[in-house]
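> My structure is in model-v6.cif, and what it holds is mmCIF, C-alpha atoms:
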```cif
data_input
#
loop_
_atom_site.label_atom_id
_atom_site.label_comp_id
_atom_site.auth_asym_id
_atom_site.auth_seq_id
_atom_site.Cartn_x
_atom_site.Cartn_y
_atom_site.Cartn_z
CA MET Z 1 38.65 145.15 59.20
CA GLY Z 2 38.05 148.11 56.96
CA ARG Z 3 35.57 150.47 55.38
CA PRO Z 4 34.25 150.53 51.82
CA PRO Z 5 34.95 153.65 49.73
CA SER Z 6 31.51 155.05 50.63
CA GLY Z 7 32.56 155.08 54.29
CA ASN Z 8 29.08 154.00 55.38
CA LYS Z 9 29.65 150.64 56.98
CA GLY Z 10 32.68 148.80 58.31
CA PHE Z 11 33.38 145.15 57.49
CA MET Z 12 35.50 142.30 58.80
CA ILE Z 13 36.72 139.01 57.33
CA ARG Z 14 37.15 136.15 59.78
CA MET Z 15 39.71 133.45 59.02
CA LYS Z 16 42.10 131.07 60.70
CA PRO Z 17 45.57 132.45 61.49
CA GLU Z 18 47.14 129.94 59.08
CA THR Z 19 44.94 131.15 56.23
CA HIS Z 20 45.73 134.76 57.11
CA ALA Z 21 49.46 133.96 57.00
CA ASP Z 22 49.06 132.28 53.57
CA LEU Z 23 47.22 135.33 52.20
CA ILE Z 24 49.70 137.81 53.69
CA ARG Z 25 52.59 135.92 52.01
CA ALA Z 26 50.75 136.00 48.67
CA ALA Z 27 50.00 139.72 49.01
CA GLU Z 28 53.61 140.55 49.85
CA LYS Z 29 54.79 138.40 46.94
CA ASP Z 30 52.59 140.51 44.63
CA GLY Z 31 54.05 143.73 46.09
CA TYR Z 32 51.18 144.79 48.35
CA GLN Z 33 51.79 146.01 51.88
CA ARG Z 34 48.16 145.69 53.01
CA LEU Z 35 46.09 142.54 52.72
CA GLY Z 36 42.88 144.51 52.07
CA GLU Z 37 44.33 146.23 49.01
CA TRP Z 38 45.47 142.91 47.63
CA LEU Z 39 42.05 141.32 48.24
CA ASP Z 40 40.41 144.22 46.38
CA ASN Z 41 42.54 143.56 43.31
CA VAL Z 42 42.60 139.76 43.14
CA PRO Z 43 39.86 137.44 41.81
CA ALA Z 44 38.12 135.46 44.57
CA GLU Z 45 39.07 132.14 42.92
CA LEU Z 46 42.76 132.98 43.32
CA VAL Z 47 42.31 133.77 47.03
CA TYR Z 48 40.63 130.39 47.50
CA LYS Z 49 43.47 128.60 45.69
CA ILE Z 50 46.18 130.31 47.76
CA ALA Z 51 44.72 129.30 51.11
CA SER Z 52 46.02 125.80 51.80
CA PRO Z 53 43.39 123.13 51.01
CA ALA Z 54 45.07 120.86 53.56
CA ARG Z 55 43.78 123.18 56.29
CA LEU Z 56 40.15 123.08 55.15
CA LYS Z 57 37.81 120.93 57.25
CA LYS Z 58 36.46 118.88 54.33
CA PRO Z 59 38.56 119.42 51.20
CA SER Z 60 37.61 117.45 48.11
CA PRO Z 61 40.00 114.69 46.95
CA LYS Z 62 40.34 116.51 43.61
CA MET Z 63 41.43 119.69 45.39
CA LEU Z 64 43.91 117.78 47.55
CA ASN Z 65 45.33 115.95 44.51
CA GLN Z 66 45.84 119.22 42.66
CA ALA Z 67 47.40 120.86 45.73
CA PHE Z 68 49.74 117.89 46.24
CA LEU Z 69 50.88 118.09 42.62
CA GLU Z 70 51.53 121.84 42.88
CA TYR Z 71 53.33 121.54 46.23
CA ALA Z 72 55.38 118.53 45.12
CA THR Z 73 56.52 120.41 42.01
CA GLU Z 74 57.48 123.45 44.07
CA VAL Z 75 59.25 121.34 46.71
CA ALA Z 76 61.26 119.54 44.00
CA ARG Z 77 62.29 122.88 42.51
CA VAL Z 78 63.30 124.33 45.88
CA LEU Z 79 65.17 121.17 46.91
CA GLY Z 80 67.19 121.43 43.70
CA GLU Z 81 68.15 124.99 44.67
CA MET Z 82 68.99 123.85 48.19
CA ARG Z 83 71.21 121.09 46.80
CA LEU Z 84 73.17 123.68 44.83
CA ILE Z 85 73.57 125.83 47.95
CA VAL Z 86 74.84 122.87 49.97
CA GLU Z 87 77.24 121.82 47.19
CA ARG Z 88 78.69 125.32 46.94
CA ASN Z 89 79.00 125.88 50.69
CA PRO Z 90 80.03 122.72 52.57
CA MET Z 91 80.47 124.77 55.75
CA LEU Z 92 76.71 125.39 56.19
CA ASP Z 93 76.50 123.07 59.19
CA GLN Z 94 78.83 125.30 61.20
CA ASP Z 95 75.97 127.77 61.78
CA GLU Z 96 73.49 126.80 64.54
CA ALA Z 97 70.47 128.18 62.65
CA ASN Z 98 71.41 126.11 59.59
CA ARG Z 99 71.81 122.98 61.74
CA LYS Z 100 68.31 123.50 63.15
CA ALA Z 101 66.95 124.06 59.64
CA PHE Z 102 68.56 120.79 58.48
CA GLN Z 103 67.07 118.96 61.49
CA ASN Z 104 63.62 120.38 60.79
CA LEU Z 105 63.88 119.42 57.14
CA ARG Z 106 64.94 115.88 58.07
CA HIS Z 107 62.09 115.59 60.59
CA GLN Z 108 59.48 116.70 58.02
CA TYR Z 109 60.93 114.38 55.38
CA ASP Z 110 60.93 111.39 57.75
CA GLY Z 111 57.32 112.13 58.71
CA LEU Z 112 56.25 112.27 55.07
CA ILE Z 113 58.01 108.99 54.26
CA ARG Z 114 56.42 107.26 57.29
CA ARG Z 115 52.98 108.52 56.24
CA MET Z 116 53.48 107.32 52.67
CA GLU Z 117 54.54 103.89 53.97
CA ASP Z 118 51.34 103.81 56.07
CA PHE Z 119 49.43 104.16 52.80
CA GLY Z 120 51.47 101.36 51.21
CA ILE Z 121 53.59 103.63 49.01
CA GLU Z 122 57.18 102.35 48.91
CA GLN Z 123 60.04 104.61 48.00
#
```
Once you've parsed the file, please lay out its structure as structure tokens.


Amino acid sequence: MGRPPSGNKGFMIRMKPETHADLIRAAEKDGYQRLGEWLDNVPAELVYKIASPARLKKPSPKMLNQAFLEYATEVARVLGEMRLIVERNPMLDQDEANRKAFQNLRHQYDGLIRRMEDFGIEQ
């Protein structure tokens, strides 16, 4: 919710909580503390790209393909960083929070592999 600079009329943007969380993360990444300020300074096309296409009701296959490519590239980069962290600290599993994070990661990975096998994609 907010008011335009004229102060005449208030406005509100409705969105799903997941989309709001995506946009808040992007705004914070760009150094903004308020989502409204970030939205005022970012092109609309960028806002649309940041919100996850997987959460849209009817995303186009082209949009999903592009999102998968971007996410897969980012996941590969982050997994490489995680591998270095694990190699340099073999005691990570002694912390309960780290153990839960490893379990969650394994669960998500297993789910992705099962889904790919459902589509006939072998690893």

> In terms of the shortest atom-to-atom distance over all atoms listed in the file, which of Z:Leu35, Z:Ala21, Z:Ile13, Z:Val78 is closest to Ala51 (chain Z)?

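So, comparing all the options, the nearest one is Z:Ala21.
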
> To one decimal in Å, tell me the separation between CA of Leu69 (chain Z) and CA of Ile121 (chain Z).

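If I compute the distance from CA of Leu69 (chain Z) to CA of Ile121 (chain Z), I get 16.0 Å.
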
> Separation of CA of Leu46 (chain Z) and CA of Ala27 (chain Z), in Å?

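Here the two named atoms are 11.4 Å from each other.
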
> For Phe102 (chain Z), which residue out of Z:Leu39, Z:Leu64, Z:Val86, Z:Leu56 is the nearest one, using only C-alpha atoms?

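Looking at the shortest contact to Phe102 (chain Z), the residue is Z:Val86.
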
> Exactly which residues make up the result of the PyMOL selection byres ((chain Z and resi 16) around 12) on this file, given as a ChimeraX atom specification?

/Z:13-15,17-23,51-52,55-57
